[in-house]
Structures are given as C-alpha cells and as structure tokens.
>>> print(open('work_29.cif').read())   # mmCIF, C-alpha atoms
data_start
#
loop_
_atom_site.label_atom_id
_atom_site.label_comp_id
_atom_site.auth_asym_id
_atom_site.auth_seq_id
_atom_site.Cartn_x
_atom_site.Cartn_y
_atom_site.Cartn_z
CA MET X 1 76.99 3.64 -27.82
CA TYR X 2 73.69 5.21 -26.77
CA GLU X 3 72.71 8.84 -26.52
CA LYS X 4 70.22 9.31 -23.66
CA LYS X 5 66.82 10.19 -25.20
CA ILE X 6 64.74 9.12 -22.23
CA ALA X 7 62.87 11.41 -19.83
CA LYS X 8 64.83 12.23 -16.66
CA ASP X 9 62.26 10.55 -14.36
CA LEU X 10 63.29 7.10 -15.68
CA THR X 11 65.82 6.89 -12.88
CA CYS X 12 66.32 3.17 -12.62
CA GLY X 13 67.47 0.63 -15.15
CA LEU X 14 64.19 -1.27 -14.96
CA ASN X 15 62.20 1.73 -16.16
CA ILE X 16 64.66 2.33 -18.99
CA ALA X 17 64.31 -1.29 -20.10
CA ILE X 18 60.52 -1.09 -19.91
CA GLU X 19 60.56 2.18 -21.87
CA VAL X 20 62.79 0.68 -24.58
CA ILE X 21 61.35 -2.83 -25.02
CA GLY X 22 57.99 -2.39 -23.29
CA GLY X 23 55.87 -2.07 -26.45
CA LYS X 24 53.56 -5.04 -27.18
CA TRP X 25 55.52 -6.44 -30.15
CA LYS X 26 59.03 -5.15 -29.57
CA ALA X 27 60.41 -8.29 -27.96
CA ASN X 28 59.01 -10.37 -30.85
CA LEU X 29 60.46 -7.94 -33.41
CA LEU X 30 63.89 -8.08 -31.75
CA ALA X 31 63.78 -11.88 -31.50
CA ASN X 32 62.88 -12.17 -35.21
CA ILE X 33 65.53 -9.66 -36.32
CA SER X 34 68.09 -11.61 -34.28
CA LYS X 35 67.01 -14.73 -36.21
CA GLY X 36 67.94 -12.98 -39.47
CA LEU X 37 64.64 -11.48 -40.62
CA LYS X 38 65.58 -8.05 -42.01
CA ARG X 39 62.90 -6.64 -44.26
CA PRO X 40 59.67 -5.01 -43.11
CA SER X 41 57.56 -7.46 -45.16
CA GLU X 42 59.34 -10.45 -43.55
CA LEU X 43 58.82 -8.96 -40.08
CA HIS X 44 55.14 -8.26 -40.76
CA ARG X 45 54.60 -11.86 -41.93
CA SER X 46 56.41 -13.19 -38.86
CA ILE X 47 53.94 -11.43 -36.50
CA PRO X 48 50.56 -11.88 -38.22
CA ARG X 49 48.58 -10.77 -35.13
CA ALA X 50 49.92 -7.21 -35.39
CA SER X 51 49.10 -4.59 -38.02
CA ALA X 52 51.89 -3.38 -40.33
CA ARG X 53 51.25 0.15 -39.04
CA MET X 54 51.77 -0.93 -35.40
CA LEU X 55 54.93 -2.88 -36.25
CA ASN X 56 56.38 0.01 -38.25
CA GLN X 57 55.70 2.38 -35.34
CA GLN X 58 57.41 0.04 -32.87
CA LEU X 59 60.36 -0.41 -35.26
CA SER X 60 60.73 3.39 -35.39
CA GLU X 61 60.67 3.56 -31.58
CA LEU X 62 63.35 0.85 -31.43
CA GLU X 63 65.36 2.84 -34.00
CA PHE X 64 64.86 6.05 -31.97
CA HIS X 65 66.34 4.30 -28.92
CA SER X 66 69.27 2.99 -31.03
CA ILE X 67 68.25 -0.64 -30.48
CA VAL X 68 67.84 -1.35 -34.19
CA GLU X 69 69.29 0.41 -37.23
CA LYS X 70 67.46 0.88 -40.48
CA THR X 71 69.27 0.80 -43.81
CA ILE X 72 67.55 2.23 -46.91
CA PHE X 73 69.18 1.01 -50.11
CA ASN X 74 69.37 3.59 -52.89
CA ILE X 75 67.84 1.33 -55.54
CA LEU X 76 64.39 0.94 -57.17
CA PRO X 77 62.19 -0.50 -55.89
CA THR X 78 63.40 0.86 -52.53
CA LYS X 79 64.84 -1.76 -50.27
CA VAL X 80 64.82 -1.39 -46.45
CA GLU X 81 66.56 -3.62 -43.94
CA TYR X 82 66.67 -3.66 -40.14
CA ALA X 83 69.52 -4.95 -37.99
CA LEU X 84 70.30 -5.00 -34.27
CA THR X 85 72.72 -2.34 -33.04
CA PRO X 86 75.22 -3.26 -30.31
CA GLY X 87 72.55 -2.03 -27.86
CA GLY X 88 70.08 -4.37 -29.54
CA GLU X 89 72.52 -7.29 -29.38
CA SER X 90 73.04 -6.62 -25.69
CA ILE X 91 69.31 -6.88 -24.92
CA MET X 92 69.10 -10.39 -26.32
CA GLU X 93 70.28 -11.69 -22.93
CA VAL X 94 67.09 -10.20 -21.40
CA LEU X 95 64.92 -11.79 -24.09
CA ARG X 96 66.64 -15.14 -23.51
CA ALA X 97 65.95 -14.81 -19.75
CA MET X 98 62.28 -14.02 -20.54
CA LYS X 99 62.05 -16.97 -22.96
CA SER X 100 63.57 -19.51 -20.55
CA TRP X 101 61.38 -18.20 -17.72
CA GLY X 102 58.26 -18.55 -19.89
CA GLU X 103 59.23 -22.10 -20.87
CA ARG X 104 59.73 -23.12 -17.22
CA LEU X 105 56.40 -21.62 -16.11
CA MET S 106 52.95 -24.46 -9.64
CA TYR S 107 51.12 -22.83 -12.54
CA GLU S 108 47.98 -23.92 -14.29
CA LYS S 109 48.18 -22.92 -17.98
CA LYS S 110 45.64 -20.12 -18.58
CA ILE S 111 47.27 -18.75 -21.73
CA ALA S 112 45.96 -19.07 -25.28
CA LYS S 113 47.51 -22.01 -27.16
CA ASP S 114 49.07 -19.74 -29.83
CA LEU S 115 51.55 -18.47 -27.21
CA THR S 116 53.83 -21.29 -28.24
CA CYS S 117 57.19 -19.98 -27.17
CA GLY S 118 58.42 -18.95 -23.76
CA LEU S 119 59.05 -15.38 -24.92
CA ASN S 120 55.38 -14.86 -25.79
CA ILE S 121 54.30 -16.34 -22.46
CA ALA S 122 56.63 -13.95 -20.61
CA ILE S 123 55.36 -10.98 -22.64
CA GLU S 124 51.73 -12.03 -21.96
CA VAL S 125 52.38 -12.32 -18.24
CA ILE S 126 54.60 -9.29 -17.51
CA GLY S 127 54.03 -7.26 -20.65
CA GLY S 128 51.56 -4.76 -19.17
CA LYS S 129 52.90 -1.19 -18.77
CA TRP S 130 53.26 -1.22 -14.96
CA LYS S 131 53.58 -4.92 -14.17
CA ALA S 132 57.36 -4.98 -13.90
CA ASN S 133 57.24 -1.96 -11.55
CA LEU S 134 54.49 -3.58 -9.46
CA LEU S 135 56.48 -6.81 -9.16
CA ALA S 136 59.68 -4.95 -8.28
CA ASN S 137 57.86 -2.96 -5.56
CA ILE S 138 56.09 -6.03 -4.13
CA SER S 139 59.48 -7.77 -4.01
CA LYS S 140 60.78 -4.78 -2.00
CA GLY S 141 58.07 -5.42 0.62
CA LEU S 142 55.26 -3.13 -0.47
CA LYS S 143 52.08 -5.15 0.10
CA ARG S 144 48.99 -2.99 0.28
CA PRO S 145 47.19 -1.46 -2.71
CA SER S 146 47.57 2.07 -1.31
CA GLU S 147 51.33 1.60 -0.89
CA LEU S 148 51.62 0.26 -4.44
CA HIS S 149 49.54 3.14 -5.84
CA ARG S 150 51.77 5.69 -4.06
CA SER S 151 54.89 3.95 -5.33
CA ILE S 152 53.80 4.41 -8.98
CA PRO S 153 52.29 7.89 -9.05
CA ARG S 154 52.22 8.06 -12.89
CA ALA S 155 49.61 5.28 -13.08
CA SER S 156 45.95 5.47 -12.08
CA ALA S 157 44.74 3.27 -9.20
CA ARG S 158 42.25 1.69 -11.62
CA MET S 159 45.04 0.71 -14.05
CA LEU S 160 47.24 -0.67 -11.28
CA ASN S 161 44.37 -2.68 -9.79
CA GLN S 162 43.62 -4.15 -13.22
CA GLN S 163 47.25 -5.15 -13.74
CA LEU S 164 47.39 -6.62 -10.22
CA SER S 165 44.33 -8.76 -11.08
CA GLU S 166 46.01 -9.93 -14.31
CA LEU S 167 49.14 -10.85 -12.33
CA GLU S 168 46.92 -12.69 -9.85
CA PHE S 169 45.09 -14.46 -12.72
CA HIS S 170 48.48 -15.73 -14.02
CA SER S 171 49.45 -16.86 -10.48
CA ILE S 172 52.37 -14.42 -10.34
CA VAL S 173 51.04 -12.62 -7.26
CA GLU S 174 48.61 -13.76 -4.60
CA LYS S 175 46.08 -11.52 -2.92
CA THR S 176 45.13 -11.99 0.72
CA ILE S 177 41.93 -10.35 2.03
CA PHE S 178 41.91 -10.16 5.81
CA ASN S 179 38.51 -10.72 7.43
CA ILE S 180 38.62 -7.58 9.55
CA LEU S 181 37.06 -4.09 9.39
CA PRO S 182 38.17 -1.97 7.70
CA THR S 183 39.04 -4.60 5.10
CA LYS S 184 42.74 -5.18 4.70
CA VAL S 185 44.25 -6.49 1.42
CA GLU S 186 47.84 -7.58 0.85
CA TYR S 187 49.72 -8.77 -2.22
CA ALA S 188 52.69 -11.11 -2.25
CA LEU S 189 54.75 -12.83 -4.93
CA THR S 190 53.95 -16.49 -5.57
CA PRO S 191 56.80 -18.90 -6.38
CA GLY S 192 56.10 -18.03 -10.04
CA GLY S 193 56.45 -14.36 -9.13
CA GLU S 194 59.68 -14.97 -7.23
CA SER S 195 61.08 -16.83 -10.24
CA ILE S 196 60.46 -13.88 -12.57
CA MET S 197 62.60 -11.57 -10.48
CA GLU S 198 65.66 -12.90 -12.33
CA VAL S 199 64.16 -11.49 -15.56
CA LEU S 200 63.50 -8.12 -13.91
CA ARG S 201 67.08 -8.05 -12.57
CA ALA S 202 68.37 -8.78 -16.10
CA MET S 203 66.21 -5.91 -17.43
CA LYS S 204 67.40 -3.56 -14.65
CA SER S 205 71.09 -4.28 -15.17
CA TRP S 206 70.68 -3.97 -18.95
CA GLY S 207 68.96 -0.59 -18.53
CA GLU S 208 71.70 0.62 -16.20
CA ARG S 209 74.43 -0.38 -18.68
CA LEU S 210 72.70 1.28 -21.64
#
>>> encode(input="work_29.cif", output="structure tokens")
Amino acid sequence: MYEKKIAKDLTCGLNIAIEVIGGKWKANLLANISKGLKRPSELHRSIPRASARMLNQQLSELEFHSIVEKTIFNILPTKVEYALTPGGESIMEVLRAMKSWGERL
Amino acid sequence: MYEKKIAKDLTCGLNIAIEVIGGKWKANLLANISKGLKRPSELHRSIPRASARMLNQQLSELEFHSIVEKTIFNILPTKVEYALTPGGESIMEVLRAMKSWGERL
C-alpha cells in the first residue's frame, strides 16, 4: 500500500504522521478532498487563506507520500482531479479525532 | 477549562486542532512531556533536530493555548517545569491516533 519514502530517523509512528500530514494546510486539503472536492481550483477556493502555489506544493507532498492520487485527463483544456488513496482514507480517522478534540476544547 | 484565544475564523474543530498542535515540534513536545520529561533542557535534548529557541517558542504557544502549564520555582538557580493541563491530557488521544496510523502505514 505504501512504499517507505521517509528518512530512517523517523522511527516512531508519530513522527511519520507529522511528516506526512504536518504541513500547514494538509489536514484541510484532505478534509476537503474527502468531502468530494477534486479539482485544484475547487481546493484553492475552499482554502482562501492559502496561496495556490502553497496548496499545490502540499498536494504534491501528499501525492509523494501516496496519501492522495492525482489524475490528469487527456483532454483539452487539461483536467486534473485529486482523490484519497487507501492511505489517505485511513488517515481520516486521525482528522476526525482532531476535529472532535477541537470542538470539545 | 479553556478560554477561547483563537481567531473567530477557526470555525471548525479541525482548524482549532491544527492551530493548537500544528507547529512542527508540538506533537513531539507533548508526547515527551506526557512521558515525564519536564524541564526545558530535557525537552531540548529529547528533540535534537530542533533549536532551543524554536522549542521554547512552541512551548510558549502551547502554554498560551492552555495545553501545557509552566511552573517557575522560586529558587536559585531558577528551575522551570512543564506539565500537561487537562486540555493537554485530552489531546493525547489524537497523538495516539496519529502514532498508530503512522505505525500502520
């Protein structure tokens, strides 16, 4: 399911999770993709506080870690869509735990 | 238990959680404090990849959000200890979810 691409010193699971979803907007991106937003433009509009460049970089990092997959449709104009991989689906439980903790605070 | 100090636009629990534990080393700091490390020097040694300045800043942010409390002992040389507040204890469930997710990846 996931080919290790993380530096050896990330020994414990917590560091791996931080490495993979630790970026400022990654949790928001994952939450919005899980709600059905697929296209870069939709994702950019859903997080107005972040620049498109920053969001695209974090999407590539999520893709690098096999958390999201990017599909480029061979049509003009080019169409790109993002979706959660099984690894991405599995992290939703962490995001739900974060969300319910934040709501109880 | 927690006096709201977060900008109004952080409407959902996920954004609150990201705001509070989103810093690069905060999850590690919380995990190490929960393991019994109390003093700044111990915490700095436990996260060698981060500068003392960065860790102290993130400890102050955690203190600001009432996730950790800082005790300064009135003795010479000055002694400082950190401990989790109830809010800090309650976030450990999120860190455990992150850790077990990272280990399953």
>>> closest_residue(input="work_29.cif", among="X:Met98, X:Ile72, X:Met54, X:Leu29", to="Ile121 (chain S)", atoms="only C-alpha atoms")
X:Met98
>>> calpha_fit_rmsd(input="work_29.cif", fixed="chain S", moving="chain X")
0.0 Å
>>> residues_around(input="work_29.cif", residues="Glu166 (chain S)", least_positions_apart="3", cutoff="10 Å", atoms="all atoms listed in the file", output="compact mmCIF listing (two decimals) with C-alpha atoms, in the coordinates of the input")
# COMPACT_ATOMS: atom_id res chain seq x y z
CA GLU S 124 51.73 -12.03 -21.96
CA VAL S 125 52.38 -12.32 -18.24
CA ILE S 126 54.60 -9.29 -17.51
CA GLY S 128 51.56 -4.76 -19.17
CA LYS S 131 53.58 -4.92 -14.17
CA LEU S 160 47.24 -0.67 -11.28
CA ASN S 161 44.37 -2.68 -9.79
CA GLN S 162 43.62 -4.15 -13.22
CA GLN S 163 47.25 -5.15 -13.74
CA PHE S 169 45.09 -14.46 -12.72
CA HIS S 170 48.48 -15.73 -14.02
CA SER S 171 49.45 -16.86 -10.48
CA ILE S 172 52.37 -14.42 -10.34
CA VAL S 173 51.04 -12.62 -7.26
>>> atom_distance(input="work_29.cif", atom1="CA of Phe178 (chain S)", atom2="CA of Arg150 (chain S)")
21.1 Å
>>> resolve_selection(input="work_29.cif", expression="the PyMOL selection byres ((chain S) within 7 of (chain X))", output="CSV table (one decimal) with C-alpha atoms, in the frame of the given file")
chain,number,residue,atom,x,y,z
S,107,TYR,CA,51.1,-22.8,-12.5
S,117,CYS,CA,57.2,-20.0,-27.2
S,118,GLY,CA,58.4,-19.0,-23.8
S,119,LEU,CA,59.0,-15.4,-24.9
S,121,ILE,CA,54.3,-16.3,-22.5
S,122,ALA,CA,56.6,-14.0,-20.6
S,127,GLY,CA,54.0,-7.3,-20.6
S,129,LYS,CA,52.9,-1.2,-18.8
S,196,ILE,CA,60.5,-13.9,-12.6
S,199,VAL,CA,64.2,-11.5,-15.6
S,200,LEU,CA,63.5,-8.1,-13.9
S,202,ALA,CA,68.4,-8.8,-16.1
S,203,MET,CA,66.2,-5.9,-17.4
S,204,LYS,CA,67.4,-3.6,-14.6
S,205,SER,CA,71.1,-4.3,-15.2
S,206,TRP,CA,70.7,-4.0,-19.0
S,207,GLY,CA,69.0,-0.6,-18.5
S,208,GLU,CA,71.7,0.6,-16.2
S,210,LEU,CA,72.7,1.3,-21.6
>>> atom_distance(input="work_29.cif", atom1="CA of Asn179 (chain S)", atom2="CA of Leu148 (chain S)")
20.8 Å
>>> closest_atom_pairs(input="work_29.cif", of="region 13-54 of chain X", to="region 77-83 of chain X", cutoff="8 Å", atoms="all atoms listed in the file", output="JSON lines")
{"residue": "X:Ile33", "atom": "CA", "partner": "X:Ala83", "partner_atom": "CA", "distance": 6.4}
{"residue": "X:Ser34", "atom": "CA", "partner": "X:Ala83", "partner_atom": "CA", "distance": 7.8}
{"residue": "X:Lys38", "atom": "CA", "partner": "X:Tyr82", "partner_atom": "CA", "distance": 4.9}
{"residue": "X:Arg39", "atom": "CA", "partner": "X:Glu81", "partner_atom": "CA", "distance": 4.8}
{"residue": "X:Pro40", "atom": "CA", "partner": "X:Glu81", "partner_atom": "CA", "distance": 7.1}
>>> atom_distance(input="work_29.cif", atom1="CA of Leu135 (chain S)", atom2="CA of Leu189 (chain S)")
7.6 Å
>>> decode(input="work_29.cif", residues="region 160-173 of chain S", atoms="all heavy atoms", output="compact mmCIF listing (two decimals), in the first residue's frame")
# COMPACT_ATOMS: atom_id res chain seq x y z
N LEU S 160 11.98 25.44 20.10
CA LEU S 160 11.22 24.64 21.07
C LEU S 160 10.62 25.53 22.16
O LEU S 160 9.46 25.37 22.53
CB LEU S 160 12.12 23.57 21.70
CG LEU S 160 12.58 22.47 20.74
CD1 LEU S 160 13.50 21.48 21.47
CD2 LEU S 160 11.39 21.72 20.13
N ASN S 161 11.39 26.52 22.61
CA ASN S 161 10.86 27.43 23.64
C ASN S 161 9.68 28.22 23.10
O ASN S 161 8.68 28.43 23.78
CB ASN S 161 11.96 28.37 24.13
CG ASN S 161 13.00 27.63 24.95
OD1 ASN S 161 12.73 26.54 25.48
ND2 ASN S 161 14.20 28.19 25.04
N GLN S 162 9.76 28.62 21.82
CA GLN S 162 8.65 29.37 21.22
C GLN S 162 7.40 28.48 21.14
O GLN S 162 6.31 28.90 21.47
CB GLN S 162 9.05 29.83 19.82
CG GLN S 162 8.01 30.73 19.18
CD GLN S 162 8.15 30.81 17.67
OE1 GLN S 162 9.29 30.77 17.18
NE2 GLN S 162 7.05 30.90 16.96
N GLN S 163 7.60 27.22 20.74
CA GLN S 163 6.43 26.34 20.61
C GLN S 163 5.87 25.98 21.99
O GLN S 163 4.66 25.84 22.15
CB GLN S 163 6.81 25.11 19.79
CG GLN S 163 7.31 25.52 18.40
CD GLN S 163 6.93 24.58 17.29
OE1 GLN S 163 6.74 23.37 17.49
NE2 GLN S 163 6.83 25.13 16.08
N LEU S 164 6.75 25.88 23.00
CA LEU S 164 6.26 25.66 24.36
C LEU S 164 5.42 26.85 24.82
O LEU S 164 4.35 26.68 25.43
CB LEU S 164 7.43 25.42 25.32
CG LEU S 164 8.08 24.03 25.23
CD1 LEU S 164 9.44 24.03 25.93
CD2 LEU S 164 7.16 22.96 25.84
N SER S 165 5.84 28.08 24.48
CA SER S 165 5.06 29.26 24.88
C SER S 165 3.71 29.26 24.17
O SER S 165 2.69 29.63 24.77
CB SER S 165 5.76 30.56 24.54
OG SER S 165 7.12 30.47 24.67
N GLU S 166 3.69 28.83 22.88
CA GLU S 166 2.40 28.79 22.17
C GLU S 166 1.47 27.75 22.81
O GLU S 166 0.27 27.98 22.98
CB GLU S 166 2.63 28.48 20.69
CG GLU S 166 3.28 29.65 19.93
CD GLU S 166 3.72 29.26 18.51
OE1 GLU S 166 3.33 28.16 18.04
OE2 GLU S 166 4.47 30.05 17.90
N LEU S 167 2.06 26.61 23.20
CA LEU S 167 1.24 25.58 23.86
C LEU S 167 0.73 26.10 25.21
O LEU S 167 -0.41 25.83 25.60
CB LEU S 167 2.07 24.30 24.05
CG LEU S 167 2.35 23.50 22.77
CD1 LEU S 167 3.42 22.44 23.02
CD2 LEU S 167 1.08 22.86 22.22
N GLU S 168 1.57 26.88 25.89
CA GLU S 168 1.15 27.46 27.17
C GLU S 168 0.04 28.48 26.93
O GLU S 168 -0.98 28.50 27.64
CB GLU S 168 2.36 28.12 27.84
CG GLU S 168 2.14 28.51 29.29
CD GLU S 168 3.30 29.32 29.86
OE1 GLU S 168 4.33 29.50 29.15
OE2 GLU S 168 3.17 29.78 31.01
N PHE S 169 0.21 29.31 25.89
CA PHE S 169 -0.79 30.34 25.54
C PHE S 169 -2.16 29.69 25.31
O PHE S 169 -3.19 30.20 25.71
CB PHE S 169 -0.34 31.09 24.29
CG PHE S 169 -1.36 32.06 23.76
CD1 PHE S 169 -1.54 33.30 24.36
CD2 PHE S 169 -2.19 31.73 22.67
CE1 PHE S 169 -2.50 34.19 23.90
CE2 PHE S 169 -3.15 32.62 22.20
CZ PHE S 169 -3.30 33.85 22.81
N HIS S 170 -2.17 28.50 24.67
CA HIS S 170 -3.43 27.80 24.37
C HIS S 170 -3.87 26.89 25.52
O HIS S 170 -4.75 26.05 25.36
CB HIS S 170 -3.30 27.00 23.07
CG HIS S 170 -3.30 27.83 21.83
ND1 HIS S 170 -4.30 28.73 21.53
CD2 HIS S 170 -2.42 27.95 20.82
CE1 HIS S 170 -4.04 29.34 20.39
NE2 HIS S 170 -2.89 28.90 19.93
N SER S 171 -3.21 27.03 26.67
CA SER S 171 -3.56 26.26 27.88
C SER S 171 -3.47 24.75 27.66
O SER S 171 -4.29 23.99 28.16
CB SER S 171 -4.98 26.64 28.35
OG SER S 171 -5.12 28.02 28.45
N ILE S 172 -2.50 24.34 26.86
CA ILE S 172 -2.28 22.90 26.62
C ILE S 172 -1.20 22.37 27.57
O ILE S 172 -1.22 21.25 28.03
CB ILE S 172 -1.87 22.65 25.14
CG1 ILE S 172 -2.98 23.14 24.20
CG2 ILE S 172 -1.57 21.18 24.90
CD1 ILE S 172 -4.33 22.47 24.42
N VAL S 173 -0.21 23.26 27.86
CA VAL S 173 0.77 22.93 28.89
C VAL S 173 0.79 24.06 29.91
O VAL S 173 0.37 25.18 29.61
CB VAL S 173 2.21 22.73 28.33
CG1 VAL S 173 2.27 21.62 27.31
CG2 VAL S 173 2.78 24.04 27.80
